[in-house]
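Colleague: For reference, the file input-v1.csv (CSV, C-alpha atoms) is included below:
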chain,number,residue,atom,x,y,z
O,1,MET,CA,0.0,0.0,0.0
O,2,PRO,CA,1.4,3.5,-0.8
O,3,ILE,CA,2.7,5.6,2.1
O,4,ALA,CA,2.4,9.4,2.1
O,5,LYS,CA,5.8,10.9,1.6
O,6,PHE,CA,5.5,13.1,4.8
O,7,GLY,CA,5.6,9.9,6.9
O,8,LEU,CA,8.9,8.7,5.5
O,9,PRO,CA,11.1,10.8,7.9
O,10,TYR,CA,9.2,9.3,10.9
O,11,ILE,CA,9.6,5.7,9.5
O,12,PHE,CA,13.3,6.2,8.9
O,13,ALA,CA,13.8,7.7,12.3
O,14,GLY,CA,12.2,4.5,13.9
O,15,LEU,CA,14.4,2.3,11.7
O,16,ALA,CA,17.5,4.3,12.7
O,17,ALA,CA,16.7,3.9,16.4
O,18,ALA,CA,16.2,0.2,15.8
O,19,ALA,CA,19.6,-0.1,14.1
O,20,ALA,CA,21.3,1.8,16.9
O,21,GLY,CA,20.0,-0.7,19.4
O,22,PHE,CA,22.4,-3.3,17.9
O,23,ALA,CA,25.4,-1.4,19.3
O,24,PRO,CA,27.4,-4.0,21.4
O,25,PRO,CA,27.7,-2.0,24.6
O,26,LEU,CA,23.9,-1.5,25.0
O,27,GLY,CA,22.9,-5.0,25.9
O,28,TRP,CA,19.3,-5.3,27.1
O,29,ALA,CA,18.8,-1.5,26.7
O,30,GLY,CA,19.8,-1.9,23.0
O,31,ARG,CA,17.3,-4.7,22.5
O,32,ALA,CA,14.6,-2.5,24.0
O,33,LEU,CA,15.6,0.4,21.8
O,34,THR,CA,15.4,-1.9,18.7
O,35,ALA,CA,12.0,-3.1,19.7
O,36,LEU,CA,10.7,0.4,20.3
O,37,GLY,CA,12.2,1.7,17.1
O,38,LEU,CA,10.7,-1.1,15.0
O,39,ALA,CA,7.3,-0.6,16.7
O,40,PHE,CA,7.4,3.1,16.0
O,41,ALA,CA,8.4,2.6,12.3
O,42,CYS,CA,5.6,0.0,11.8
O,43,PHE,CA,3.0,2.3,13.5
O,44,CYS,CA,4.1,5.3,11.3
O,45,ALA,CA,4.0,3.1,8.1
O,46,TYR,CA,0.4,2.2,9.1
O,47,PHE,CA,-0.6,5.7,10.1
O,48,PHE,CA,0.7,7.4,6.9
O,49,ARG,CA,-0.8,4.8,4.6
O,50,ASP,CA,-2.3,6.4,1.5
O,51,PRO,CA,-4.5,3.9,-0.4
O,52,ASP,CA,-5.4,4.5,-4.0
O,53,ARG,CA,-9.1,4.9,-4.6
O,54,PRO,CA,-11.1,5.5,-7.7
O,55,LEU,CA,-12.5,9.0,-8.1
O,56,PRO,CA,-16.3,9.3,-7.5
O,57,GLU,CA,-18.2,10.0,-10.7
O,58,ASP,CA,-21.6,11.1,-9.5
O,59,PRO,CA,-21.6,14.9,-9.3
O,60,GLY,CA,-25.0,14.8,-7.4
O,61,PHE,CA,-23.2,14.1,-4.1
O,62,LEU,CA,-20.7,15.8,-1.8
O,63,TYR,CA,-18.2,13.2,-0.6
O,64,SER,CA,-16.5,12.7,2.8
O,65,PRO,CA,-13.2,14.6,3.0
O,66,GLY,CA,-11.7,11.9,5.3
O,67,ASP,CA,-12.0,8.5,6.9
O,68,GLY,CA,-13.6,8.2,10.3
O,69,ARG,CA,-16.8,8.3,12.3
O,70,VAL,CA,-19.4,11.0,12.0
O,71,LEU,CA,-19.6,13.1,15.2
O,72,SER,CA,-22.4,15.5,14.3
O,73,VAL,CA,-24.7,16.7,11.6
O,74,GLU,CA,-26.2,20.0,12.6
O,75,LYS,CA,-26.7,23.7,11.9
O,76,GLU,CA,-24.0,25.8,13.5
O,77,GLY,CA,-24.5,29.4,14.4
O,78,SER,CA,-26.4,31.6,11.9
O,79,GLU,CA,-25.1,29.8,8.8
O,80,ASP,CA,-27.5,28.3,6.2
O,81,GLY,CA,-27.2,24.5,5.7
O,82,VAL,CA,-25.5,22.1,8.1
O,83,THR,CA,-22.0,21.0,9.1
O,84,VAL,CA,-20.9,17.4,9.1
O,85,ARG,CA,-18.0,16.7,11.5
O,86,VAL,CA,-16.0,13.5,11.2
O,87,PHE,CA,-13.5,12.3,13.9
O,88,LEU,CA,-10.3,10.6,12.6
O,89,SER,CA,-8.7,8.3,15.2
O,90,ILE,CA,-5.0,7.4,15.0
O,91,PHE,CA,-6.1,4.2,13.2
O,92,ASP,CA,-7.8,5.9,10.3
O,93,VAL,CA,-6.3,7.1,7.0
O,94,HIS,CA,-5.3,10.7,7.5
O,95,VAL,CA,-5.0,11.8,3.9
O,96,GLN,CA,-7.9,14.2,3.1
O,97,ARG,CA,-9.8,14.3,-0.2
O,98,LEU,CA,-11.9,17.0,-1.9
O,99,PRO,CA,-15.6,16.6,-1.5
O,100,CYS,CA,-16.6,17.8,-5.0
O,101,SER,CA,-15.3,19.1,-8.3
O,102,GLY,CA,-15.0,22.8,-9.1
O,103,ARG,CA,-12.6,25.6,-8.4
O,104,ILE,CA,-10.6,26.4,-5.3
O,105,GLU,CA,-11.8,29.8,-4.2
O,106,SER,CA,-9.7,30.3,-1.1
O,107,VAL,CA,-7.4,28.6,1.4
O,108,ARG,CA,-7.0,30.1,4.8
O,109,PHE,CA,-5.6,29.1,8.2
O,110,GLU,CA,-7.2,30.0,11.5
O,111,THR,CA,-5.5,29.8,14.9
O,112,GLY,CA,-7.2,28.2,17.8
O,113,GLY,CA,-6.8,25.6,20.6
O,114,PHE,CA,-5.9,22.0,20.7
O,115,VAL,CA,-8.9,20.3,22.3
O,116,ALA,CA,-9.2,16.6,21.8
O,117,ALA,CA,-10.7,16.1,18.3
O,118,MET,CA,-13.7,14.1,19.4
O,119,LYS,CA,-15.0,16.8,21.8
O,120,PRO,CA,-17.5,19.5,20.7
O,121,ASP,CA,-15.1,22.3,21.6
O,122,ALA,CA,-12.7,21.0,18.9
O,123,LYS,CA,-14.6,23.2,16.4
O,124,ARG,CA,-12.6,26.1,17.8
O,125,ASN,CA,-9.2,24.4,17.3
O,126,GLU,CA,-6.6,25.5,14.7
O,127,ARG,CA,-7.7,24.7,11.2
O,128,SER,CA,-7.2,25.0,7.5
O,129,ILE,CA,-10.3,25.9,5.5
O,130,VAL,CA,-10.6,25.3,1.8
O,131,ARG,CA,-13.5,27.0,0.0
O,132,ILE,CA,-14.7,25.4,-3.2
O,133,ALA,CA,-17.0,26.7,-5.9
O,134,PRO,CA,-18.6,23.5,-7.1
O,135,ASP,CA,-19.3,22.9,-10.8
O,136,GLY,CA,-22.8,24.1,-11.8
O,137,ARG,CA,-23.8,25.3,-8.4
O,138,GLY,CA,-24.5,28.7,-7.0
O,139,GLU,CA,-23.3,28.1,-3.5
O,140,SER,CA,-19.8,27.4,-2.2
O,141,VAL,CA,-18.7,24.5,-0.1
O,142,GLU,CA,-16.1,24.7,2.7
O,143,VAL,CA,-14.0,21.8,4.0
O,144,GLU,CA,-11.9,22.0,7.2
O,145,GLN,CA,-8.9,20.2,8.5
O,146,ILE,CA,-8.8,20.5,12.3
O,147,THR,CA,-6.1,19.8,14.8
O,148,GLY,CA,-6.6,17.8,17.9
O,149,LEU,CA,-4.9,17.2,21.3
O,150,ILE,CA,-2.0,15.3,19.6
O,151,ALA,CA,-2.5,16.4,16.0
O,152,ARG,CA,-0.6,19.7,15.7
O,153,ARG,CA,0.5,19.6,12.0
O,154,ILE,CA,-1.8,20.3,9.1
O,155,ARG,CA,-0.6,20.0,5.5
O,156,CYS,CA,-2.8,21.5,2.7
O,157,TRP,CA,-1.4,21.4,-0.8
O,158,VAL,CA,-4.1,23.1,-2.9
O,159,ALA,CA,-4.1,26.8,-3.8
O,160,PRO,CA,-6.8,29.4,-4.9
O,161,GLY,CA,-7.6,29.2,-8.6
O,162,GLU,CA,-6.7,25.5,-8.9
O,163,ARG,CA,-9.1,23.0,-10.3
O,164,ALA,CA,-10.7,20.8,-7.7
O,165,VAL,CA,-11.6,17.2,-8.5
O,166,ALA,CA,-13.9,15.2,-6.3
O,167,GLY,CA,-11.9,12.5,-4.4
O,168,MET,CA,-8.5,14.1,-5.2
O,169,ARG,CA,-6.0,14.1,-2.4
O,170,TYR,CA,-5.5,17.6,-1.0
O,171,GLY,CA,-4.0,17.4,2.4
O,172,LEU,CA,-3.0,15.5,5.5
O,173,ILE,CA,-3.3,15.9,9.3
O,174,GLN,CA,-0.6,14.2,11.4
O,175,PHE,CA,-2.0,12.1,14.2
O,176,GLY,CA,-5.7,12.0,15.4
O,177,SER,CA,-7.9,14.8,14.2
O,178,GLN,CA,-11.2,16.0,12.8
O,179,VAL,CA,-12.5,17.1,9.4
O,180,ALA,CA,-15.7,19.1,8.7
O,181,LEU,CA,-17.8,19.7,5.6
O,182,ARG,CA,-20.0,22.8,5.6
O,183,ILE,CA,-23.0,21.9,3.4
O,184,PRO,CA,-25.0,24.7,1.8
O,185,ALA,CA,-28.8,24.9,2.0
O,186,SER,CA,-29.1,23.5,-1.5
O,187,ALA,CA,-27.8,20.1,-0.4
O,188,GLU,CA,-29.1,17.6,2.1
O,189,ALA,CA,-27.0,15.5,4.5
O,190,VAL,CA,-27.3,11.7,3.9
O,191,VAL,CA,-25.3,10.5,7.0
O,192,LYS,CA,-26.0,10.6,10.7
O,193,PRO,CA,-23.8,10.6,13.9
O,194,GLY,CA,-22.1,7.3,14.4
O,195,ASP,CA,-21.8,6.4,10.7
O,196,ARG,CA,-18.5,5.3,9.4
O,197,VAL,CA,-17.3,7.1,6.3
O,198,VAL,CA,-14.4,6.7,3.8
O,199,GLY,CA,-12.7,9.7,2.3
O,200,GLY,CA,-13.6,10.3,-1.3
O,201,VAL,CA,-15.9,7.4,-1.3
O,202,THR,CA,-18.8,7.9,1.1
O,203,PRO,CA,-21.4,10.5,0.2
O,204,LEU,CA,-22.1,13.0,3.0
O,205,ALA,CA,-24.8,15.0,1.2
O,206,ARG,CA,-26.9,15.1,-1.9
O,207,TRP,CA,-27.4,18.2,-4.0
O,208,SER,CA,-31.1,19.1,-4.5
O,209,ALA,CA,-32.4,19.1,-8.1
O,210,ALA,CA,-33.4,22.8,-7.6
O,211,GLY,CA,-29.8,23.8,-7.1
O,212,ALA,CA,-28.5,22.3,-10.3
O,213,GLY,CA,-27.5,24.4,-13.2
O,214,LYS,CA,-26.9,27.6,-11.2
O,215,ILE,CA,-23.8,29.7,-11.9
Reformat the file's structure so that it appears as structure tokens.

Modeller:
Amino acid sequence: MPIAKFGLPYIFAGLAAAAAGFAPPLGWAGRALTALGLAFACFCAYFFRDPDRPLPEDPGFLYSPGDGRVLSVEKEGSEDGVTVRVFLSIFDVHVQRLPCSGRIESVRFETGGFVAAMKPDAKRNERSIVRIAPDGRGESVEVEQITGLIARRIRCWVAPGERAVAGMRYGLIQFGSQVALRIPASAEAVVKPGDRVVGGVTPLARWSAAGAGKI
């Protein structure tokens, strides 16, 4: 299975520690270092896995930006539409994917806290927000990468003006985190809290027929 390139330094560090444990003077401490180094390298190889997935072809849906469990589907503040929040444990794939095709309107970073990603207050954590103008729709969609208690590094590699393709890799959050999809009023959520979702595969919302064809 492919591994995200950002995980390679961590894997190599674990292997280097494992190799250092073979130094003759270390004895039992060296054996422990080797075991820990190999365990860390294996964990990082698993955590940074980046499976290939076919791109979704149905433009009538908005797809999950990440793997994990749906935390909430609700209206937040005064905004129209609802926000779907998904918790990514350390055992989930942490490469994020775009929810729809269109054009990247903006990419911005907001500072905040580092509350555990499964808690309601995590919506105020540090985040990267990508705003997309979907093809053939009059309302924009926002997708968020959100830090957690341990996850402190967000990588986002799309830029304003670029073409967005549904299911395309666009970022990564290092170690347990949350993603959120802000769904406009012209789309309806098709998931509920507790559902398991797969990034770029599971539909989170369906566009209404009334919203089609708007520019």

Colleague: List the neighbours of segment 204-207 of chain O out to 6 Å using all atoms listed in the file; skip same-chain residues closer than 6 positions along the sequence, and give me the result as a ChimeraX atom specification.

Modeller: /O:60-64,187-191

Colleague: So that I can check the surroundings of Gly113 of chain O, please list as a VMD selection string every protein, DNA and RNA residue that reaches within 8 Å of it, counting all atoms listed in the file and ignoring chain neighbours fewer than 6 positions away.

Modeller: chain O and resid 122 124 to 126

Colleague: Here is a test: counting all atoms listed in the file, which residue of O:Gln96, O:Ile183, O:Val130, O:Lys192 is nearest to Lys75 of chain O?

Modeller: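 Checking each of O:Gln96, O:Ile183, O:Val130, O:Lys192 against Lys75 of chain O, counting all atoms listed in the file, the winner is O:Ile183.
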
Colleague: From the options O:Met1, O:Val70, O:Ala159, O:Ala23, which residue's atoms come nearest to Asp195 of chain O, counting all atoms listed in the file?

Modeller: O:Val70

Colleague: Set the distance at 8 Å and use all atoms listed in the file: which residues neighbour Glu110 of chain O once local chain neighbours fewer than 5 positions away are removed? I'd like the list as a list in words.

Modeller: Glu126, Arg127, Ser128 and Ile129 of chain O

Colleague: Taking into account only C-alpha atoms, which residue in the set O:Arg103, O:His94, O:Arg69, O:Arg196 is nearest to Gly171 of chain O?

Modeller: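 Nearest candidate to Gly171 of chain O out of O:Arg103, O:His94, O:Arg69, O:Arg196: O:His94.
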
Colleague: For Asp52 of chain O, find every residue with an atom within 10 Å (counting all atoms listed in the file), except residues of its own chain fewer than 3 positions away, and show them as a list in words.

Modeller: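 Residues meeting the cut-off are Met1, Pro2, Arg49, Leu55 and Arg169 of chain O.
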
Colleague: Only C-alpha atoms needed: put segment 36-80 of chain O from the block into a file as a tab-separated table (two decimals), in the first residue's frame.

Modeller:
chain	number	residue	atom	x	y	z
O	36	LEU	CA	10.67	0.37	20.29
O	37	GLY	CA	12.21	1.67	17.08
O	38	LEU	CA	10.68	-1.10	15.00
O	39	ALA	CA	7.29	-0.62	16.70
O	40	PHE	CA	7.39	3.12	15.98
O	41	ALA	CA	8.41	2.57	12.35
O	42	CYS	CA	5.60	0.04	11.84
O	43	PHE	CA	3.04	2.33	13.46
O	44	CYS	CA	4.09	5.27	11.25
O	45	ALA	CA	3.97	3.11	8.13
O	46	TYR	CA	0.41	2.18	9.09
O	47	PHE	CA	-0.63	5.70	10.09
O	48	PHE	CA	0.70	7.36	6.94
O	49	ARG	CA	-0.78	4.80	4.56
O	50	ASP	CA	-2.31	6.42	1.50
O	51	PRO	CA	-4.50	3.92	-0.37
O	52	ASP	CA	-5.35	4.48	-4.01
O	53	ARG	CA	-9.08	4.94	-4.56
O	54	PRO	CA	-11.13	5.49	-7.72
O	55	LEU	CA	-12.47	9.02	-8.05
O	56	PRO	CA	-16.25	9.28	-7.54
O	57	GLU	CA	-18.16	9.95	-10.75
O	58	ASP	CA	-21.60	11.10	-9.54
O	59	PRO	CA	-21.65	14.95	-9.29
O	60	GLY	CA	-24.96	14.78	-7.45
O	61	PHE	CA	-23.20	14.12	-4.14
O	62	LEU	CA	-20.71	15.76	-1.80
O	63	TYR	CA	-18.21	13.18	-0.59
O	64	SER	CA	-16.47	12.73	2.75
O	65	PRO	CA	-13.15	14.57	3.00
O	66	GLY	CA	-11.74	11.92	5.34
O	67	ASP	CA	-12.01	8.47	6.89
O	68	GLY	CA	-13.59	8.15	10.32
O	69	ARG	CA	-16.79	8.34	12.34
O	70	VAL	CA	-19.44	11.04	11.99
O	71	LEU	CA	-19.56	13.11	15.16
O	72	SER	CA	-22.39	15.50	14.35
O	73	VAL	CA	-24.70	16.70	11.58
O	74	GLU	CA	-26.18	20.00	12.62
O	75	LYS	CA	-26.70	23.67	11.93
O	76	GLU	CA	-23.97	25.77	13.52
O	77	GLY	CA	-24.51	29.42	14.40
O	78	SER	CA	-26.42	31.55	11.92
O	79	GLU	CA	-25.12	29.83	8.80
O	80	ASP	CA	-27.45	28.27	6.25
